[in-house]
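*Asks:* Coordinates in work-v1.cif, mmCIF, C-alpha atoms, are listed below.
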data_final
loop_
_atom_site.label_atom_id
_atom_site.label_comp_id
_atom_site.auth_asym_id
_atom_site.auth_seq_id
_atom_site.Cartn_x
_atom_site.Cartn_y
_atom_site.Cartn_z
CA MET A 1 122.32 111.97 127.93
CA SER A 2 121.08 112.24 124.33
CA ASP A 3 117.95 114.29 123.70
CA LYS A 4 117.05 112.15 120.71
CA ALA A 5 115.86 108.59 120.24
CA ILE A 6 116.90 106.53 117.21
CA LEU A 7 114.15 104.48 115.56
CA LYS A 8 115.24 101.88 113.02
CA ILE A 9 112.73 100.45 110.53
CA GLY A 10 114.40 98.14 108.03
CA ASP A 11 117.44 99.96 106.69
CA LYS A 12 116.10 103.39 107.59
CA GLU A 13 116.96 105.24 110.79
CA VAL A 14 115.17 108.36 112.02
CA GLU A 15 115.83 110.61 114.97
CA LEU A 16 112.93 111.46 117.27
CA PRO A 17 113.20 114.25 119.88
CA ILE A 18 112.93 113.43 123.57
CA ILE A 19 110.82 115.76 125.70
CA ARG A 20 111.64 116.05 129.39
CA GLY A 21 109.24 117.58 131.87
CA THR A 22 110.11 118.87 135.32
CA LEU A 23 109.04 115.50 136.81
CA GLY A 24 107.91 112.12 135.53
CA ASP A 25 108.80 109.96 132.57
CA PRO A 26 110.53 111.51 129.54
CA ALA A 27 108.56 111.28 126.29
CA ILE A 28 109.60 110.39 122.76
CA ASP A 29 108.09 112.97 120.43
CA ILE A 30 106.40 111.04 117.60
CA THR A 31 104.57 114.04 116.16
CA ARG A 32 106.29 113.54 112.78
CA LEU A 33 106.49 109.74 112.94
CA ARG A 34 104.17 109.14 109.99
CA ASP A 35 105.82 111.83 107.87
CA LEU A 36 109.29 110.43 108.54
CA THR A 37 108.57 106.70 108.37
CA GLY A 38 105.13 106.09 106.87
CA HIS A 39 104.21 104.30 110.10
CA VAL A 40 101.87 105.21 112.96
CA ALA A 41 102.15 104.24 116.63
CA TYR A 42 99.79 101.57 117.96
CA ASP A 43 98.91 102.14 121.62
CA PRO A 44 95.46 100.83 122.63
CA SER A 45 94.00 102.85 125.54
CA LEU A 46 96.92 105.30 125.18
CA ALA A 47 98.64 103.79 128.22
CA ASN A 48 102.06 104.77 126.87
CA THR A 49 101.11 107.99 125.10
CA ALA A 50 101.33 111.51 126.55
CA ILE A 51 98.59 113.53 124.83
CA CYS A 52 99.63 116.93 126.15
CA LYS A 53 102.07 118.98 128.20
CA SER A 54 100.41 119.99 131.46
CA ALA A 55 101.36 122.01 134.54
CA ILE A 56 98.22 121.19 136.55
CA THR A 57 98.60 117.85 138.34
CA PHE A 58 101.48 115.45 138.93
CA VAL A 59 101.05 111.80 139.88
CA ASP A 60 103.89 109.41 140.72
CA GLY A 61 102.21 106.04 140.99
CA GLU A 62 105.36 104.22 142.02
CA ARG A 63 105.85 106.41 145.09
CA GLY A 64 102.21 107.21 145.82
CA ILE A 65 102.50 110.95 145.16
CA LEU A 66 99.73 113.36 144.10
CA ARG A 67 100.35 117.10 143.75
CA TYR A 68 98.18 119.98 142.56
CA ARG A 69 100.27 122.72 140.95
CA GLY A 70 103.23 121.27 142.82
CA ILE A 71 101.52 121.20 146.25
CA PRO A 72 101.32 117.71 147.87
CA ILE A 73 97.74 116.62 148.39
CA ASP A 74 98.19 116.09 152.13
CA GLN A 75 98.87 119.82 152.61
CA PHE A 76 95.18 120.51 152.03
CA ILE A 77 94.05 118.35 154.97
CA GLU A 78 94.40 120.81 157.85
CA LYS A 79 91.72 123.31 156.77
CA PRO A 80 90.18 121.80 153.62
CA ASN A 81 88.71 124.46 151.34
CA PHE A 82 87.43 123.12 148.04
CA VAL A 83 86.83 126.59 146.58
CA GLU A 84 90.45 127.57 147.23
CA VAL A 85 91.70 124.40 145.52
CA ALA A 86 89.36 125.02 142.58
CA TRP A 87 90.93 128.46 142.10
CA LEU A 88 94.42 126.98 142.40
CA LEU A 89 93.77 124.39 139.69
CA ILE A 90 92.05 126.76 137.27
CA PHE A 91 94.26 129.84 137.63
CA GLY A 92 97.57 128.19 138.48
CA ARG A 93 98.21 129.85 141.83
CA LEU A 94 96.83 130.01 145.35
CA PRO A 95 94.34 132.88 145.56
CA THR A 96 94.93 135.99 147.59
CA LYS A 97 92.41 136.81 150.30
CA GLU A 98 90.72 139.27 147.94
CA GLU A 99 90.62 136.80 145.03
CA LEU A 100 89.16 134.03 147.15
CA SER A 101 86.57 136.40 148.60
CA ARG A 102 85.60 137.64 145.12
CA PHE A 103 85.34 134.12 143.70
CA SER A 104 83.30 132.93 146.69
CA ALA A 105 80.96 135.88 146.20
CA LYS A 106 80.53 134.92 142.53
CA LEU A 107 79.65 131.37 143.57
CA THR A 108 76.96 132.77 145.84
CA GLU A 109 75.66 135.08 143.10
CA ASN A 110 75.33 132.17 140.67
CA GLU A 111 73.92 129.45 142.92
CA LEU A 112 70.32 129.78 141.68
CA LEU A 113 69.12 128.08 138.50
CA HIS A 114 67.14 129.94 135.88
CA GLU A 115 63.49 129.10 136.48
CA GLY A 116 63.22 127.75 132.93
CA LEU A 117 66.01 125.28 133.73
CA ARG A 118 64.47 124.35 137.06
CA LEU A 119 61.12 123.58 135.45
CA GLN A 120 62.77 121.02 133.16
CA TYR A 121 63.01 118.65 136.12
CA GLN A 122 59.24 118.22 135.98
CA HIS A 123 59.56 116.56 132.58
CA MET A 124 62.09 113.96 133.77
CA PRO A 125 61.10 110.56 135.16
CA VAL A 126 61.34 110.37 138.93
CA ASP A 127 63.70 107.41 138.59
CA ALA A 128 65.97 109.11 136.03
CA PRO A 129 69.67 108.43 136.76
CA PRO A 130 71.15 111.52 138.46
CA MET A 131 74.20 111.39 136.18
CA ALA A 132 71.93 111.60 133.12
CA ILE A 133 70.24 114.64 134.65
CA LEU A 134 73.59 116.21 135.50
CA SER A 135 75.03 115.90 131.99
CA ALA A 136 71.81 117.13 130.39
CA MET A 137 71.51 120.12 132.70
CA LEU A 138 75.15 121.15 132.26
CA ASN A 139 74.55 121.17 128.52
CA ASN A 140 71.34 123.12 129.01
CA LEU A 141 73.21 125.81 130.92
CA ALA A 142 74.60 126.87 127.56
CA CYS A 143 71.06 127.83 126.53
CA PHE A 144 70.66 130.18 129.47
CA HIS A 145 74.19 131.65 129.57
CA GLN A 146 75.06 132.11 125.93
CA GLN A 147 77.26 135.10 126.74
CA LEU A 148 79.76 132.64 128.20
CA LEU A 149 79.95 130.26 125.25
CA TRP A 150 83.06 132.16 124.22
CA VAL A 151 85.72 132.49 126.90
CA GLY A 152 88.59 134.68 125.79
CA ASP A 153 90.25 136.12 128.90
CA GLU A 154 90.69 135.44 132.60
CA GLU A 155 87.71 137.58 133.58
CA SER A 156 85.28 135.71 131.34
CA LEU A 157 86.80 132.38 132.39
CA GLU A 158 86.28 133.26 136.04
CA ALA A 159 82.65 134.13 135.30
CA ALA A 160 82.05 130.84 133.43
CA ALA A 161 83.88 128.77 136.06
CA ALA A 162 81.90 130.38 138.88
CA ARG A 163 78.62 129.57 137.16
CA LEU A 164 79.55 125.95 136.51
CA ILE A 165 81.07 125.22 139.92
CA SER A 166 78.21 126.93 141.74
CA LYS A 167 75.30 125.61 139.70
CA VAL A 168 76.54 122.02 139.52
CA ARG A 169 75.77 121.48 143.21
CA THR A 170 72.27 122.99 142.78
CA ILE A 171 71.64 120.79 139.74
CA ALA A 172 72.85 117.74 141.67
CA ALA A 173 70.79 118.48 144.77
CA PHE A 174 67.64 119.10 142.72
CA ALA A 175 68.18 115.79 140.91
CA TYR A 176 68.25 114.02 144.26
CA ARG A 177 65.14 115.84 145.51
CA ARG A 178 63.31 114.95 142.29
CA SER A 179 64.16 111.25 142.77
CA GLN A 180 62.75 111.37 146.31
CA GLY A 181 59.58 113.26 145.42
CA LEU A 182 60.64 116.05 147.76
CA PRO A 183 60.24 119.80 147.22
CA PHE A 184 63.31 121.61 145.94
CA ILE A 185 65.27 123.48 148.59
CA TYR A 186 66.85 126.66 147.32
CA PRO A 187 70.46 127.49 148.19
CA ASP A 188 71.20 129.55 151.29
CA PRO A 189 73.58 132.44 150.50
CA HIS A 190 74.82 132.44 154.09
CA LEU A 191 76.28 128.92 153.84
CA ARG A 192 79.64 127.91 152.45
CA TYR A 193 80.00 125.68 149.39
CA CYS A 194 79.76 122.17 150.88
CA ALA A 195 77.36 123.10 153.67
CA ASN A 196 75.06 124.67 151.07
CA PHE A 197 75.08 121.50 148.98
CA LEU A 198 74.08 119.37 151.99
CA HIS A 199 71.43 121.96 152.92
CA MET A 200 69.85 121.65 149.46
CA MET A 201 70.08 117.86 149.69
CA PHE A 202 68.62 117.27 153.15
CA SER A 203 66.77 120.33 154.51
CA LEU A 204 62.98 120.36 154.72
CA PRO A 205 60.74 123.44 154.29
CA TYR A 206 60.08 123.40 158.03
CA LYS A 207 63.49 122.17 159.25
CA GLN A 208 66.97 123.17 158.05
CA TYR A 209 69.66 120.53 157.94
CA ILE A 210 72.50 121.56 160.24
CA VAL A 211 75.94 120.50 159.03
CA SER A 212 78.56 119.69 161.64
CA PRO A 213 82.07 121.14 161.07
CA GLU A 214 83.48 117.61 160.85
CA VAL A 215 81.08 116.56 158.09
CA GLU A 216 81.59 119.83 156.21
CA ASP A 217 85.38 119.38 156.36
CA ALA A 218 85.02 115.75 155.23
CA LEU A 219 83.00 116.71 152.15
CA ASN A 220 85.43 119.53 151.33
CA LEU A 221 88.26 117.04 151.56
CA LEU A 222 86.46 114.45 149.43
CA PHE A 223 85.83 117.03 146.69
CA ILE A 224 89.47 118.16 146.88
CA LEU A 225 90.79 114.61 146.53
CA HIS A 226 88.70 114.15 143.38
CA ALA A 227 89.43 117.59 141.88
CA ASP A 228 91.95 116.44 139.27
CA HIS A 229 94.04 113.39 138.43
CA GLU A 230 96.07 113.93 135.28
CA GLN A 231 94.77 112.54 131.96
CA ASN A 232 92.13 110.09 133.14
CA CYS A 233 89.20 108.97 130.99
CA SER A 234 86.85 111.88 131.76
CA THR A 235 89.59 114.51 131.59
CA MET A 236 90.75 113.12 128.27
CA THR A 237 87.14 113.33 127.12
CA VAL A 238 86.92 117.00 128.13
CA ARG A 239 90.14 117.70 126.23
CA THR A 240 88.99 115.74 123.18
CA VAL A 241 85.67 117.58 122.97
CA GLY A 242 87.37 120.88 123.77
CA SER A 243 89.93 120.33 121.02
CA ALA A 244 87.10 120.90 118.53
CA ARG A 245 86.72 124.32 120.21
CA ALA A 246 83.50 123.18 121.83
CA ASN A 247 82.40 125.48 124.63
CA LEU A 248 83.16 124.84 128.30
CA PHE A 249 79.60 123.70 129.14
CA ALA A 250 79.54 121.07 126.38
CA SER A 251 83.05 119.85 127.19
CA CYS A 252 82.28 119.38 130.90
CA ALA A 253 78.94 117.70 130.13
CA ALA A 254 80.90 115.20 128.01
CA GLY A 255 83.21 114.65 130.98
CA VAL A 256 80.19 113.75 133.10
CA CYS A 257 79.18 111.10 130.56
CA ALA A 258 82.65 109.56 130.63
CA LEU A 259 82.75 109.65 134.43
CA TRP A 260 79.47 107.74 134.58
CA GLY A 261 81.15 104.44 133.69
CA PRO A 262 81.67 101.85 136.45
CA LEU A 263 85.35 101.55 135.53
CA HIS A 264 85.82 105.25 136.25
CA GLY A 265 83.58 107.39 138.47
CA GLY A 266 81.25 104.53 139.37
CA ALA A 267 83.93 102.38 140.94
CA ASN A 268 83.07 103.31 144.53
CA VAL A 269 79.52 102.08 143.92
CA GLU A 270 81.02 98.69 142.99
CA VAL A 271 82.94 98.74 146.29
CA MET A 272 79.81 99.51 148.30
CA ASP A 273 77.82 96.81 146.50
CA MET A 274 80.59 94.35 147.30
CA LEU A 275 80.72 95.30 150.99
CA GLU A 276 76.92 95.04 151.23
CA ARG A 277 76.98 91.58 149.62
CA ILE A 278 79.71 90.45 152.03
CA HIS A 279 77.70 91.71 155.02
CA ALA A 280 74.38 90.30 153.82
CA GLY A 281 75.93 86.94 152.94
CA GLY A 282 77.65 86.57 156.28
CA LEU A 283 81.04 86.14 154.64
CA THR A 284 84.15 86.75 156.69
CA PRO A 285 86.94 89.01 155.35
CA GLU A 286 89.25 85.99 155.45
CA GLU A 287 86.93 84.08 153.12
CA CYS A 288 86.77 87.06 150.76
CA ILE A 289 90.55 87.26 150.55
CA ARG A 290 90.75 83.54 149.76
CA MET A 291 88.09 83.82 147.07
CA ALA A 292 89.74 86.89 145.55
CA LYS A 293 92.97 84.93 145.05
CA ASP A 294 91.15 81.99 143.46
CA LYS A 295 91.04 82.66 139.71
CA THR A 296 88.26 80.08 139.27
CA ASN A 297 86.01 81.93 141.73
CA PRO A 298 83.75 84.67 140.28
CA PHE A 299 84.15 86.79 143.42
CA ARG A 300 85.93 90.09 142.76
CA LEU A 301 87.56 92.28 145.40
CA TYR A 302 86.87 95.87 144.34
CA GLY A 303 88.77 98.89 145.62
CA PHE A 304 92.26 97.39 145.45
CA GLY A 305 94.84 98.25 142.81
CA HIS A 306 94.98 101.22 140.46
CA ARG A 307 95.94 101.81 136.84
CA ILE A 308 98.52 104.40 137.91
CA TYR A 309 99.30 103.78 141.59
CA LYS A 310 101.59 100.86 142.33
CA ASN A 311 101.81 102.04 145.92
CA TYR A 312 99.22 103.06 148.48
CA ASP A 313 96.91 105.60 146.85
CA PRO A 314 97.55 108.78 148.92
CA ARG A 315 93.87 109.74 148.57
CA ALA A 316 92.80 106.43 150.12
CA ARG A 317 95.04 106.98 153.13
CA ILE A 318 93.53 110.42 153.72
CA LEU A 319 89.96 109.17 153.29
CA LYS A 320 90.53 106.29 155.70
CA ASP A 321 91.62 108.74 158.42
CA THR A 322 88.69 111.02 157.56
CA CYS A 323 86.25 108.12 157.89
CA GLU A 324 87.54 107.40 161.39
CA LYS A 325 87.08 111.05 162.43
CA VAL A 326 83.58 111.37 160.96
CA PHE A 327 82.33 108.11 162.47
CA ALA A 328 83.73 109.12 165.85
CA GLN A 329 82.05 112.54 165.65
CA LEU A 330 78.72 111.08 164.54
CA LYS A 331 78.98 108.37 167.20
CA VAL A 332 77.77 105.70 164.80
CA GLN A 333 79.07 102.31 163.78
CA ASP A 334 78.91 100.87 160.29
CA PRO A 335 79.56 97.16 159.79
CA LEU A 336 80.74 97.94 156.25
CA LEU A 337 83.58 100.07 157.64
CA ASP A 338 84.56 97.22 159.94
CA ILE A 339 84.64 94.85 156.96
CA ALA A 340 86.69 97.32 154.93
CA ARG A 341 89.21 97.78 157.75
CA LYS A 342 89.70 94.02 158.07
CA LEU A 343 89.97 93.49 154.30
CA GLU A 344 92.70 96.13 154.13
CA GLU A 345 94.55 94.65 157.10
CA LEU A 346 94.52 91.17 155.57
CA ALA A 347 95.45 92.34 152.06
CA LEU A 348 98.39 94.45 153.23
CA SER A 349 99.88 91.43 155.00
CA ASP A 350 99.20 88.90 152.23
CA PRO A 351 102.08 88.08 149.83
CA TYR A 352 99.58 87.73 146.93
CA PHE A 353 98.51 91.37 147.24
CA ILE A 354 101.96 92.66 148.20
CA GLU A 355 103.70 91.06 145.20
CA ARG A 356 101.05 92.42 142.82
CA ARG A 357 101.13 95.81 144.53
CA LEU A 358 97.38 95.78 145.12
CA TYR A 359 96.77 98.51 147.67
CA PRO A 360 93.49 100.24 148.58
CA ASN A 361 92.55 102.98 146.13
CA VAL A 362 90.44 106.12 146.55
CA ASP A 363 87.22 104.23 145.80
CA PHE A 364 87.71 101.85 148.71
CA TYR A 365 86.84 104.44 151.37
CA SER A 366 85.05 107.24 149.47
CA GLY A 367 81.76 105.34 149.30
CA ILE A 368 81.81 104.55 153.02
CA LEU A 369 82.42 108.24 153.78
CA LEU A 370 79.60 109.39 151.49
CA ARG A 371 77.29 106.81 153.08
CA ALA A 372 78.16 108.16 156.54
CA ILE A 373 77.30 111.68 155.41
CA GLY A 374 73.94 110.39 154.16
CA ILE A 375 74.56 110.49 150.40
CA PRO A 376 72.76 107.60 148.62
CA LYS A 377 74.65 105.36 146.20
CA ASN A 378 73.04 106.75 143.08
CA MET A 379 74.54 110.14 143.99
CA PHE A 380 78.11 108.89 144.58
CA THR A 381 79.27 109.52 141.02
CA VAL A 382 77.48 112.87 140.98
CA CYS A 383 79.57 113.91 143.99
CA PHE A 384 82.67 112.74 142.11
CA ALA A 385 81.64 115.00 139.21
CA ILE A 386 81.18 118.01 141.50
CA GLY A 387 84.69 117.49 142.82
CA ARG A 388 86.23 116.86 139.40
CA LEU A 389 84.67 119.92 137.71
CA PRO A 390 87.49 122.38 138.61
CA GLY A 391 90.04 119.97 137.15
CA TRP A 392 88.07 119.72 133.92
CA ILE A 393 87.86 123.50 133.68
CA ALA A 394 91.59 123.83 134.34
CA GLN A 395 92.43 121.23 131.69
CA TRP A 396 90.06 122.87 129.18
CA ARG A 397 91.68 126.25 129.79
CA GLU A 398 95.22 124.89 129.50
CA GLN A 399 94.40 123.22 126.20
CA HIS A 400 92.77 126.34 124.74
CA GLU A 401 95.74 128.50 125.71
CA ASP A 402 98.23 126.13 124.07
CA PRO A 403 99.06 127.59 120.63
CA THR A 404 100.14 124.15 119.38
CA SER A 405 96.82 122.51 120.28
CA ARG A 406 95.01 120.81 117.41
CA ILE A 407 91.78 118.85 117.18
CA VAL A 408 92.26 115.34 118.58
CA ARG A 409 92.27 112.94 115.64
CA PRO A 410 93.89 109.53 116.35
CA ARG A 411 94.94 107.12 113.63
CA GLN A 412 93.94 103.46 113.44
CA VAL A 413 95.22 100.13 112.19
CA TYR A 414 92.54 99.06 109.71
CA ILE A 415 91.75 95.31 109.75
CA GLY A 416 88.59 95.22 107.60
CA PRO A 417 88.12 93.98 104.01
CA VAL A 418 90.51 95.40 101.43
CA GLU A 419 87.66 96.08 99.02
CA ALA A 420 84.10 94.80 98.86
CA LYS A 421 81.35 94.88 96.25
CA TYR A 422 77.91 96.32 96.87
CA VAL A 423 75.28 93.57 96.60
CA PRO A 424 71.73 94.60 95.59
CA MET A 425 69.00 93.64 98.04
CA SER A 426 67.47 91.09 95.63
CA GLU A 427 70.76 89.17 95.49
CA ARG A 428 71.60 89.13 99.19
CA THR A 429 71.53 86.01 101.31
CA ALA A 430 71.69 85.69 105.08
CA ALA A 431 75.43 85.16 104.88
CA THR A 432 76.10 88.15 102.59
#
Can you present the structure in this file as structure tokens?
*Replies:*
Amino acid sequence: MSDKAILKIGDKEVELPIIRGTLGDPAIDITRLRDLTGHVAYDPSLANTAICKSAITFVDGERGILRYRGIPIDQFIEKPNFVEVAWLLIFGRLPTKEELSRFSAKLTENELLHEGLRLQYQHMPVDAPPMAILSAMLNNLACFHQQLLWVGDEESLEAAAARLISKVRTIAAFAYRRSQGLPFIYPDPHLRYCANFLHMMFSLPYKQYIVSPEVEDALNLLFILHADHEQNCSTMTVRTVGSARANLFASCAAGVCALWGPLHGGANVEVMDMLERIHAGGLTPEECIRMAKDKTNPFRLYGFGHRIYKNYDPRARILKDTCEKVFAQLKVQDPLLDIARKLEELALSDPYFIERRLYPNVDFYSGILLRAIGIPKNMFTVCFAIGRLPGWIAQWREQHEDPTSRIVRPRQVYIGPVEAKYVPMSERTAAT
């Protein structure tokens, strides 16, 4: 098989190298396309453009495969440990017992916020969106940890990563407490990562929130499933900002802003809103399926289909099973879960959905699971950000260690006026 592609423009032919990774689609290298042809590639939303070489995460949407550093996602189910997966993504290998213990200790050491940072919450409106607080506070961390603005070796990266991954849960929990008018609960150094987050969220000064093992495992698993997912919108944002050699705090804060969008990190909120409307309106799942197939009907069925997955999203399958376990352990029933189960059953047996390969995605069950744990909807995307942070750090590191990395600077196809004349204010009309 040839390792070159031939591009013909008019009478001119140019050879373009073909890059083959260990898995996935081969890529045509168009790095010198403009130099060789005077043309640029036009690819809105970059759906057909590989913007980097990466060894972090592999997704095969056709077969429903997700792997972190080569490890299938379902191998993390048995004893889910988000901190271990964070290390794996960032440093490229599973940690030894000593490495995991050292990193966990650094998370504990860095779980408190500087009092100056904590006091900034008092100047924020009680109803401030938690995602706005999260992005602002991650940026503000750079003010209090200036020694980590430059990360030049593995030791300094570990220190910066530990601060970010540890403090993000404290920032998130304090944002929630602020919105509820509740006193801040400081982290407990005796608790593990996810249990500590829920403690800061739900404990009271006179009563500590006790986390069941099933709920702690479920939150670990939810964070793991969101930890990285190739070059999605927020990860691309982190890489774009990082390509300017912006520091890790600023790059991850930018990722939070990108994740905030309802088409990205906010998608599970759309699913929950939909399920609540179905329940409140007394609609049957059968009616919803019929309306979803009717193009003239404004009803939209959220949580089905994915930009990448054309098979069952492996994260959705895991979360569905996790929901069943958590609800059984908590001995509660949620009519929204019943609706979701029936919608999935109907969709997976309907030719309309089967032919279009519209399977449940990760957002379909993640909101129901967060709701069962007690997380309110305005904190759903914040939880997504906590989970995604190790992936952003890993991607930022990989980009900075690539000697061929340059500042991201796309081209455009200009469609404006060829040349226009400046019109003085006295001569302008409404149409000018």
*Asks:* Work out how far CA of Arg277 (chain A) is from CA of Asp294 (chain A), in Å to one decimal.
*Replies:* 18.2 Å
*Asks:* If we count only C-alpha atoms and set the cut-off at 10 Å, which residues sit around region 407-415 of chain A, ignoring sequence neighbours fewer than 3 positions away in its own chain? Please answer as number ranges by chain.
*Replies:* A: 40-44, 51, 239-245, 418
*Asks:* Apply the PyMOL selection byres ((chain A and resi 272) around 9) to the structure shown and report the selected residues as a list in words.
*Replies:*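 Checking the PyMOL selection byres ((chain A and resi 272) around 9) against this file, the residues are Ala267, Asn268, Val269, Glu270, Val271, Asp273, Met274, Leu275, Glu276, Arg277, Tyr302, Leu336, Phe364, Gly367, Ile368 and Lys377 of chain A.
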*Asks:* Residues picked by the PyMOL selection byres ((chain A and resi 121) around 12) here, as a ChimeraX atom specification?
*Replies:* /A:113,115-120,122-128,130,132-134,136-137,140,171-179,181,183-184
*Asks:* Rounded to one decimal, what separation in Å do you get between CA of Glu345 (chain A) and CA of Gly261 (chain A)?
*Replies:* 28.7 Å
*Asks:* Restore all heavy atoms in region 312-319 of chain A and list the result as a JSON list (two decimals), in the frame of the given file.
*Replies:*
[["chain", "number", "residue", "atom", "x", "y", "z"],
["A", 312, "TYR", "N", 100.47, 102.69, 147.82],
["A", 312, "TYR", "CA", 99.22, 103.06, 148.48],
["A", 312, "TYR", "C", 98.73, 104.39, 147.90],
["A", 312, "TYR", "O", 99.45, 105.38, 147.90],
["A", 312, "TYR", "CB", 99.45, 103.19, 149.99],
["A", 312, "TYR", "CG", 98.22, 102.99, 150.84],
["A", 312, "TYR", "CD1", 98.12, 101.92, 151.73],
["A", 312, "TYR", "CD2", 97.15, 103.88, 150.77],
["A", 312, "TYR", "CE1", 96.99, 101.74, 152.52],
["A", 312, "TYR", "CE2", 96.02, 103.71, 151.55],
["A", 312, "TYR", "CZ", 95.95, 102.64, 152.42],
["A", 312, "TYR", "OH", 94.83, 102.47, 153.20],
["A", 313, "ASP", "N", 97.52, 104.39, 147.38],
["A", 313, "ASP", "CA", 96.91, 105.60, 146.85],
["A", 313, "ASP", "C", 96.86, 106.64, 147.97],
["A", 313, "ASP", "O", 96.21, 106.42, 148.99],
["A", 313, "ASP", "CB", 95.50, 105.27, 146.34],
["A", 313, "ASP", "CG", 94.80, 106.43, 145.65],
["A", 313, "ASP", "OD1", 95.15, 107.59, 145.92],
["A", 313, "ASP", "OD2", 93.87, 106.17, 144.86],
["A", 314, "PRO", "N", 97.53, 107.80, 147.82],
["A", 314, "PRO", "CA", 97.55, 108.78, 148.92],
["A", 314, "PRO", "C", 96.15, 109.30, 149.26],
["A", 314, "PRO", "O", 95.89, 109.67, 150.41],
["A", 314, "PRO", "CB", 98.43, 109.91, 148.36],
["A", 314, "PRO", "CG", 98.37, 109.76, 146.87],
["A", 314, "PRO", "CD", 98.25, 108.29, 146.63],
["A", 315, "ARG", "N", 95.24, 109.30, 148.30],
["A", 315, "ARG", "CA", 93.87, 109.74, 148.57],
["A", 315, "ARG", "C", 93.15, 108.74, 149.47],
["A", 315, "ARG", "O", 92.35, 109.13, 150.33],
["A", 315, "ARG", "CB", 93.13, 109.91, 147.25],
["A", 315, "ARG", "CG", 93.77, 110.91, 146.29],
["A", 315, "ARG", "CD", 93.15, 110.83, 144.90],
["A", 315, "ARG", "NE", 93.34, 109.51, 144.31],
["A", 315, "ARG", "CZ", 92.80, 109.11, 143.16],
["A", 315, "ARG", "NH1", 92.04, 109.95, 142.47],
["A", 315, "ARG", "NH2", 93.02, 107.89, 142.69],
["A", 316, "ALA", "N", 93.43, 107.46, 149.29],
["A", 316, "ALA", "CA", 92.80, 106.43, 150.12],
["A", 316, "ALA", "C", 93.25, 106.55, 151.57],
["A", 316, "ALA", "O", 92.45, 106.39, 152.50],
["A", 316, "ALA", "CB", 93.12, 105.04, 149.57],
["A", 317, "ARG", "N", 94.52, 106.84, 151.76],
["A", 317, "ARG", "CA", 95.04, 106.98, 153.13],
["A", 317, "ARG", "C", 94.34, 108.14, 153.86],
["A", 317, "ARG", "O", 93.95, 108.04, 155.02],
["A", 317, "ARG", "CB", 96.55, 107.21, 153.09],
["A", 317, "ARG", "CG", 97.26, 107.00, 154.41],
["A", 317, "ARG", "CD", 98.74, 107.33, 154.30],
["A", 317, "ARG", "NE", 99.41, 106.58, 153.26],
["A", 317, "ARG", "CZ", 99.87, 105.34, 153.40],
["A", 317, "ARG", "NH1", 99.68, 104.70, 154.55],
["A", 317, "ARG", "NH2", 100.49, 104.74, 152.41],
["A", 318, "ILE", "N", 94.18, 109.25, 153.13],
["A", 318, "ILE", "CA", 93.53, 110.42, 153.72],
["A", 318, "ILE", "C", 92.06, 110.13, 154.03],
["A", 318, "ILE", "O", 91.54, 110.48, 155.09],
["A", 318, "ILE", "CB", 93.66, 111.63, 152.78],
["A", 318, "ILE", "CG1", 95.14, 112.06, 152.67],
["A", 318, "ILE", "CG2", 92.81, 112.80, 153.26],
["A", 318, "ILE", "CD1", 95.40, 113.09, 151.58],
["A", 319, "LEU", "N", 91.38, 109.46, 153.09],
["A", 319, "LEU", "CA", 89.96, 109.17, 153.29],
["A", 319, "LEU", "C", 89.74, 108.17, 154.43],
["A", 319, "LEU", "O", 88.74, 108.25, 155.14],
["A", 319, "LEU", "CB", 89.35, 108.63, 152.00],
["A", 319, "LEU", "CG", 89.07, 109.68, 150.91],
["A", 319, "LEU", "CD1", 88.49, 109.01, 149.67],
["A", 319, "LEU", "CD2", 88.11, 110.75, 151.42]]
